[in-house]
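Presented below is the structure to which this report refers.
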Amino acid sequence: MTHRHKRRPNALPAHQPLLAPSILSANFTRLAEECQAVIDGGADLLHIDVMDGHFVENITIGLPVVEALRAEFPDTFLDVHIMISNPDLYAAKFVEAGADSVSFHPEATVHSHGVIQEIHAAGGLASLAINPSTSLDVLDYIIEDLDMILIMGVNPGFGGQSFIPQTMRKLKDVKERLARHGIDDMPIQVDGGVKLNNIAEIYQAGANVLVSGSGVFNNKPYKDTISAMKAELQPL
Ligand SMILES: O=C(CO)[C@@H](O)[C@H](O)COP(=O)(O)O
């Protein structure tokens with residue numbers, strides 16, 4: 001794989017916790033307006049779900065949309081979650097299109113370490129997205145190379161699903177695993193099923209980047225919803 005150009009990796013916003021609306025639940029006919037509304041309402045980053053109809057059933061957003069969002073929102077952290085087979089072929093391309101971070105699935109490649117290297121070489125932050133039934137053992141020999149870990153709270157593919165309760169145990173386990181590796185500052189993202197009524201519990205369990213799609217976009221005005229969610233995130 002070759003890279004046309006490199007971008008500097010953008011750090012996640014320094015304050016934590018972070019709230020990341022997932023634009024999968026936005027009104028796609030007014031995508032820029034929807035993104036602007038959540039940014040104005042206090043969103044810390046935009047979470048962008050890329051699905052290929054192969055790794056997951058749904059087909060959503062691709063490279064041109066990420067490129068368009070980068071042009072429209074030059075100062076916003078774009079957190080791109082690729083739910084695609086063979087992320088080896090596309091992870092770096094999403095960084096080149098404007099992603100600040102790329103989360104990919106270890107279940108979709110036999111070369112997780114190589115994909116991390118590709119993302120870094122292109123100038124992005126690398127994150128591993130772990131499905132509900134996938135063991136945390138996939139982290140063991142690459143954990144030091146990651147910039148973030150994404151724990152799925154639902155099976156990937158669609159917004160609006162219910163949070164899987166065992167995710168809470170997984171969060172505890174991932175914190176322990178990080179501690180065993182001497183890592184205490186790795187952002188842990190939870191994605192799927194995060195709503196106003198469970199965001200506090202998920203945060204208290206160790207997630208500090210909270211992705212919410214339908215929880216935000218189904219509840220206008222977004223500013224009030226985002227403020228209410230952030231109010232639930234009291235210091236640990
Ligand atoms: O990756 C995914 C779904 O596969 C998520 O980012 C969803 O977009 C989250 O949506 P909600 O569960 O918050 O509605």
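The chains in the structure tokens are called A, B, ... from first to last as shown; in each chain the residues are counted from 1, and the ligands are counted from 1 in the order shown.
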
Taking only C-alpha atoms and all ligand atoms into account, list the residues no farther than 10 Å from ligand 1, as a PDB file with C-alpha atoms, in the first residue's frame.
ATOM      1  CA  ALA A  20     -19.368  11.740  20.185  1.00  0.00           C
ATOM      2  CA  PRO A  21     -22.670  11.829  18.290  1.00  0.00           C
ATOM      3  CA  SER A  22     -22.804   9.065  15.696  1.00  0.00           C
ATOM      4  CA  ILE A  23     -24.031  10.625  12.485  1.00  0.00           C
ATOM      5  CA  LEU A  24     -25.534   7.315  11.381  1.00  0.00           C
ATOM      6  CA  SER A  25     -28.783   8.504  12.970  1.00  0.00           C
ATOM      7  CA  ALA A  26     -28.627  11.993  11.434  1.00  0.00           C
ATOM      8  CA  HIS A  47     -18.376   9.647  14.962  1.00  0.00           C
ATOM      9  CA  ILE A  48     -18.721   8.384  11.393  1.00  0.00           C
ATOM     10  CA  ASP A  49     -19.847   4.810  10.703  1.00  0.00           C
ATOM     11  CA  VAL A  50     -18.551   3.210   7.511  1.00  0.00           C
ATOM     12  CA  MET A  51     -20.263  -0.082   6.620  1.00  0.00           C
ATOM     13  CA  VAL A  56     -21.899  -5.996   8.478  1.00  0.00           C
ATOM     14  CA  GLU A  57     -25.281  -6.118   6.790  1.00  0.00           C
ATOM     15  CA  ASN A  58     -25.718  -2.391   6.319  1.00  0.00           C
ATOM     16  CA  VAL A  80     -14.185   7.128  11.697  1.00  0.00           C
ATOM     17  CA  HIS A  81     -15.324   3.595  12.538  1.00  0.00           C
ATOM     18  CA  ILE A  82     -14.837   1.229   9.626  1.00  0.00           C
ATOM     19  CA  MET A  83     -17.049  -1.865   9.812  1.00  0.00           C
ATOM     20  CA  ALA A 129     -13.087  -1.937  17.695  1.00  0.00           C
ATOM     21  CA  ASN A 131     -17.385  -6.833  18.949  1.00  0.00           C
ATOM     22  CA  LEU A 150     -13.522   0.867  21.064  1.00  0.00           C
ATOM     23  CA  MET A 152     -19.010  -2.277  21.045  1.00  0.00           C
ATOM     24  CA  GLY A 153     -22.146  -2.071  23.165  1.00  0.00           C
ATOM     25  CA  VAL A 154     -24.199  -3.694  20.377  1.00  0.00           C
ATOM     26  CA  ASN A 155     -23.502  -5.926  17.407  1.00  0.00           C
ATOM     27  CA  PRO A 156     -22.314  -3.589  14.663  1.00  0.00           C
ATOM     28  CA  GLY A 157     -24.495  -2.719  11.703  1.00  0.00           C
ATOM     29  CA  PHE A 158     -27.361  -0.551  12.830  1.00  0.00           C
ATOM     30  CA  GLY A 159     -28.189   2.326  15.120  1.00  0.00           C
ATOM     31  CA  GLY A 160     -30.973   2.220  17.659  1.00  0.00           C
ATOM     32  CA  GLN A 161     -30.205  -1.172  19.222  1.00  0.00           C
ATOM     33  CA  SER A 162     -30.304  -1.966  22.939  1.00  0.00           C
ATOM     34  CA  PHE A 163     -27.115  -1.911  24.975  1.00  0.00           C
ATOM     35  CA  VAL A 190     -18.119   2.677  23.994  1.00  0.00           C
ATOM     36  CA  ASP A 191     -20.291   2.620  20.911  1.00  0.00           C
ATOM     37  CA  GLY A 192     -23.853   1.348  20.608  1.00  0.00           C
ATOM     38  CA  GLY A 193     -26.875   1.626  22.860  1.00  0.00           C
ATOM     39  CA  VAL A 194     -25.575   4.651  24.773  1.00  0.00           C
ATOM     40  CA  LYS A 195     -28.517   6.788  25.895  1.00  0.00           C
ATOM     41  CA  LEU A 210     -19.144   7.961  24.649  1.00  0.00           C
ATOM     42  CA  VAL A 211     -20.700   7.472  21.232  1.00  0.00           C
ATOM     43  CA  SER A 212     -24.428   8.017  20.887  1.00  0.00           C
ATOM     44  CA  GLY A 213     -26.403   7.979  17.650  1.00  0.00           C
ATOM     45  CA  SER A 214     -30.137   7.614  18.140  1.00  0.00           C
ATOM     46  CA  GLY A 215     -29.742   8.846  21.734  1.00  0.00           C
ATOM     47  CA  VAL A 216     -28.761  12.244  20.305  1.00  0.00           C
ATOM     48  CA  PHE A 217     -30.312  12.506  16.850  1.00  0.00           C
ATOM     49  CA  ASN A 218     -33.744  11.217  17.882  1.00  0.00           C
TER      50      ASN A 218
END

- Message: Can you pull out every residue from stretch 36-215 of chain A that DSSP, working from the backbone, puts in alpha helix (DSSP H), and format the result as a PyMOL selection string?
- Response: chain A and resi 36-40+63-72+91-97+112-122+167-180+199-204+214-215

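With distances restricted to only C-alpha atoms, A:Gly98 is the closest residue to A:Glu67 from A:Gly182, A:Gly98, A:Gly114, A:Pro106.
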
- Task: Have a look at atom CA of A:Thr225 and atom CA of A:Met186 and let me know their distance in Å, one decimal.
- Result: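 Those two atoms sit 26.8 Å apart.
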
- Item | Surrounding residues of stretch 107-111 of chain A excluding itself and chain neighbours under 6 positions, 12 Å, only C-alpha atoms, as a PyMOL selection string | chain A and resi 52+54-56+82-91+117-118+128-136+138-139+141-142+156

- Message: Residues near A:Gln234, anyone? I mean within 12 Å using only C-alpha atoms, not counting same-chain ones fewer than 6 positions away, as JSON, numbers by chain.
- Response: {"A": [16, 17, 18, 199, 200, 201, 202, 203, 204, 208, 228]}

- Query: Which residues, written as a VMD selection string, have at least one atom at most 10 Å from A:Leu12, with only C-alpha atoms counted and residues fewer than 4 positions away on the same chain left out?
  - Reply: chain A and resid 16 18 44 to 45 76 to 79 100 to 101 125 147 to 148 187 209

N, CA and C atoms of the current selection, written as an mmCIF file, in the first residue's frame:
data_model
loop_
_atom_site.group_PDB
_atom_site.id
_atom_site.type_symbol
_atom_site.label_atom_id
_atom_site.label_comp_id
_atom_site.auth_asym_id
_atom_site.auth_seq_id
_atom_site.Cartn_x
_atom_site.Cartn_y
_atom_site.Cartn_z
ATOM 1 N N GLN A 16 -11.714 15.355 29.153
ATOM 2 C CA GLN A 16 -12.485 14.115 29.095
ATOM 3 C C GLN A 16 -13.503 14.144 30.224
ATOM 4 N N LEU A 18 -15.540 12.560 26.689
ATOM 5 C CA LEU A 18 -15.917 13.144 25.401
ATOM 6 C C LEU A 18 -17.220 12.527 24.919
ATOM 7 N N ASP A 44 -18.149 16.791 21.159
ATOM 8 C CA ASP A 44 -16.686 16.922 21.220
ATOM 9 C C ASP A 44 -16.021 16.380 19.965
ATOM 10 N N LEU A 45 -16.680 15.462 19.290
ATOM 11 C CA LEU A 45 -16.178 14.928 18.027
ATOM 12 C C LEU A 45 -17.355 14.359 17.249
ATOM 13 N N THR A 76 -12.960 20.062 13.397
ATOM 14 C CA THR A 76 -13.647 19.044 14.195
ATOM 15 C C THR A 76 -12.921 17.705 14.080
ATOM 16 N N PHE A 77 -12.776 17.039 15.219
ATOM 17 C CA PHE A 77 -12.143 15.715 15.223
ATOM 18 C C PHE A 77 -13.115 14.724 14.578
ATOM 19 N N LEU A 78 -12.661 14.088 13.531
ATOM 20 C CA LEU A 78 -13.492 13.090 12.832
ATOM 21 C C LEU A 78 -13.022 11.694 13.226
ATOM 22 N N ASP A 79 -13.912 10.994 13.900
ATOM 23 C CA ASP A 79 -13.631 9.671 14.462
ATOM 24 C C ASP A 79 -14.345 8.654 13.562
ATOM 25 N N ASP A 100 -9.402 11.687 11.553
ATOM 26 C CA ASP A 100 -8.355 11.871 12.561
ATOM 27 C C ASP A 100 -8.019 10.548 13.230
ATOM 28 N N SER A 101 -9.063 9.750 13.488
ATOM 29 C CA SER A 101 -8.824 8.417 14.029
ATOM 30 C C SER A 101 -9.603 7.417 13.186
ATOM 31 N N LEU A 125 -4.743 8.383 14.043
ATOM 32 C CA LEU A 125 -4.723 7.640 15.304
ATOM 33 C C LEU A 125 -5.439 6.315 15.070
ATOM 34 N N ASP A 147 -4.005 3.819 19.897
ATOM 35 C CA ASP A 147 -4.277 5.145 20.457
ATOM 36 C C ASP A 147 -5.621 5.174 21.175
ATOM 37 N N MET A 148 -6.448 4.164 20.932
ATOM 38 C CA MET A 148 -7.776 4.119 21.554
ATOM 39 C C MET A 148 -8.307 2.687 21.403
ATOM 40 N N PRO A 187 -7.625 6.178 25.860
ATOM 41 C CA PRO A 187 -9.074 6.435 25.759
ATOM 42 C C PRO A 187 -9.835 5.142 25.445
ATOM 43 N N VAL A 209 -14.935 7.942 26.154
ATOM 44 C CA VAL A 209 -15.399 8.490 24.873
ATOM 45 C C VAL A 209 -16.734 7.799 24.596
#

- Out of A:Ser103, A:Gly124, A:Lys172, A:Asn10, which residue has the shortest atom-to-atom distance to A:Pro74 when counting only C-alpha atoms?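 Nearest candidate to A:Pro74 out of A:Ser103, A:Gly124, A:Lys172, A:Asn10: A:Asn10.
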
- Can you work out the spacing between atom CA of A:Asp184 and atom CA of A:Glu96 in Å, to one decimal?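 If I compute the distance from atom CA of A:Asp184 to atom CA of A:Glu96, I get 29.5 Å.
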
- Message: Please compute the atom CA of A:Lys230-atom CA of A:Ala99 distance, one decimal, in Å.
- Response: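 Going from atom CA of A:Lys230 over to atom CA of A:Ala99, I get 24.3 Å.
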
- Find the spatial neighbours of A:Leu171, counting only C-alpha atoms, within a cut-off of 7 Å - ignore same-chain residues fewer than 4 positions away - and output them as a list in words.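 After dropping sequence-adjacent residues, the list is Thr167, Lys175, Ala205 and Gly206 of chain A.
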
- Extract the full set of strand (DSSP E or B) residues from stretch 28-205 of chain A according to DSSP on the backbone, and format it as a ChimeraX atom specification. /A:46-52,59,78-83,101-104,125-130,148-152,188-191

Would you save the residues from that selection as a CSV table (one decimal), in the first residue's frame, using N, CA and C atoms?
chain,number,residue,atom,x,y,z
A,46,LEU,N,-17.1,14.1,16.0
A,46,LEU,CA,-18.1,13.4,15.2
A,46,LEU,C,-17.7,12.0,14.9
A,47,HIS,N,-18.6,11.1,15.2
A,47,HIS,CA,-18.4,9.6,15.0
A,47,HIS,C,-19.0,9.3,13.6
A,48,ILE,N,-18.2,8.7,12.8
A,48,ILE,CA,-18.7,8.4,11.4
A,48,ILE,C,-18.6,6.9,11.1
A,49,ASP,N,-19.8,6.3,10.9
A,49,ASP,CA,-19.8,4.8,10.7
A,49,ASP,C,-19.8,4.4,9.2
A,50,VAL,N,-18.7,3.7,8.9
A,50,VAL,CA,-18.6,3.2,7.5
A,50,VAL,C,-18.9,1.7,7.5
A,51,MET,N,-19.8,1.3,6.7
A,51,MET,CA,-20.3,-0.1,6.6
A,51,MET,C,-20.3,-0.5,5.2
A,52,ASP,N,-19.9,-1.8,4.9
A,52,ASP,CA,-19.7,-2.3,3.6
A,52,ASP,C,-20.7,-3.3,3.1
A,59,ILE,N,-25.1,-0.9,4.5
A,59,ILE,CA,-24.1,-0.1,3.7
A,59,ILE,C,-24.4,1.4,4.0
A,78,LEU,N,-12.7,14.1,13.5
A,78,LEU,CA,-13.5,13.1,12.8
A,78,LEU,C,-13.0,11.7,13.2
A,79,ASP,N,-13.9,11.0,13.9
A,79,ASP,CA,-13.6,9.7,14.5
A,79,ASP,C,-14.3,8.7,13.6
A,80,VAL,N,-13.6,8.0,12.7
A,80,VAL,CA,-14.2,7.1,11.7
A,80,VAL,C,-14.1,5.7,12.1
A,81,HIS,N,-15.2,5.0,12.1
A,81,HIS,CA,-15.3,3.6,12.5
A,81,HIS,C,-15.6,2.8,11.3
A,82,ILE,N,-14.6,2.0,10.9
A,82,ILE,CA,-14.8,1.2,9.6
A,82,ILE,C,-15.3,-0.2,10.0
A,83,MET,N,-16.5,-0.5,9.6
A,83,MET,CA,-17.0,-1.9,9.8
A,83,MET,C,-17.0,-2.5,8.4
A,101,SER,N,-9.1,9.7,13.5
A,101,SER,CA,-8.8,8.4,14.0
A,101,SER,C,-9.6,7.4,13.2
A,102,VAL,N,-9.1,6.2,13.1
A,102,VAL,CA,-9.8,5.1,12.4
A,102,VAL,C,-9.8,3.9,13.4
A,103,SER,N,-11.1,3.5,13.6
A,103,SER,CA,-11.3,2.3,14.4
A,103,SER,C,-11.6,1.2,13.4
A,104,PHE,N,-10.9,0.1,13.5
A,104,PHE,CA,-11.2,-1.1,12.6
A,104,PHE,C,-11.4,-2.3,13.5
A,125,LEU,N,-4.7,8.4,14.0
A,125,LEU,CA,-4.7,7.6,15.3
A,125,LEU,C,-5.4,6.3,15.1
A,126,ALA,N,-4.9,5.3,15.7
A,126,ALA,CA,-5.4,3.9,15.4
A,126,ALA,C,-6.2,3.4,16.6
A,127,SER,N,-7.3,2.8,16.3
A,127,SER,CA,-8.2,2.3,17.4
A,127,SER,C,-8.7,0.9,17.0
A,128,LEU,N,-8.8,0.0,17.9
A,128,LEU,CA,-9.3,-1.3,17.7
A,128,LEU,C,-10.7,-1.4,18.2
A,129,ALA,N,-11.7,-1.8,17.3
A,129,ALA,CA,-13.1,-1.9,17.7
A,129,ALA,C,-13.4,-3.4,18.0
A,130,ILE,N,-13.9,-3.7,19.1
A,130,ILE,CA,-14.1,-5.1,19.6
A,130,ILE,C,-15.6,-5.4,19.7
A,148,MET,N,-6.4,4.2,20.9
A,148,MET,CA,-7.8,4.1,21.6
A,148,MET,C,-8.3,2.7,21.4
A,149,ILE,N,-9.2,2.3,22.3
A,149,ILE,CA,-9.9,1.0,22.2
A,149,ILE,C,-11.4,1.3,22.1
A,150,LEU,N,-12.1,0.7,21.2
A,150,LEU,CA,-13.5,0.9,21.1
A,150,LEU,C,-14.2,-0.4,21.5
A,151,ILE,N,-15.0,-0.4,22.5
A,151,ILE,CA,-15.8,-1.5,22.9
A,151,ILE,C,-17.2,-1.4,22.4
A,152,MET,N,-17.6,-2.3,21.6
A,152,MET,CA,-19.0,-2.3,21.0
A,152,MET,C,-20.0,-2.6,22.1
A,188,ILE,N,-10.9,5.0,26.2
A,188,ILE,CA,-11.8,3.8,25.9
A,188,ILE,C,-13.1,4.3,25.5
A,189,GLN,N,-13.5,3.9,24.3
A,189,GLN,CA,-14.7,4.3,23.6
A,189,GLN,C,-15.8,3.2,23.8
A,190,VAL,N,-17.0,3.6,24.1
A,190,VAL,CA,-18.1,2.7,24.0
A,190,VAL,C,-19.1,3.2,22.9
A,191,ASP,N,-19.5,2.3,22.1
A,191,ASP,CA,-20.3,2.6,20.9
A,191,ASP,C,-21.4,1.6,20.8
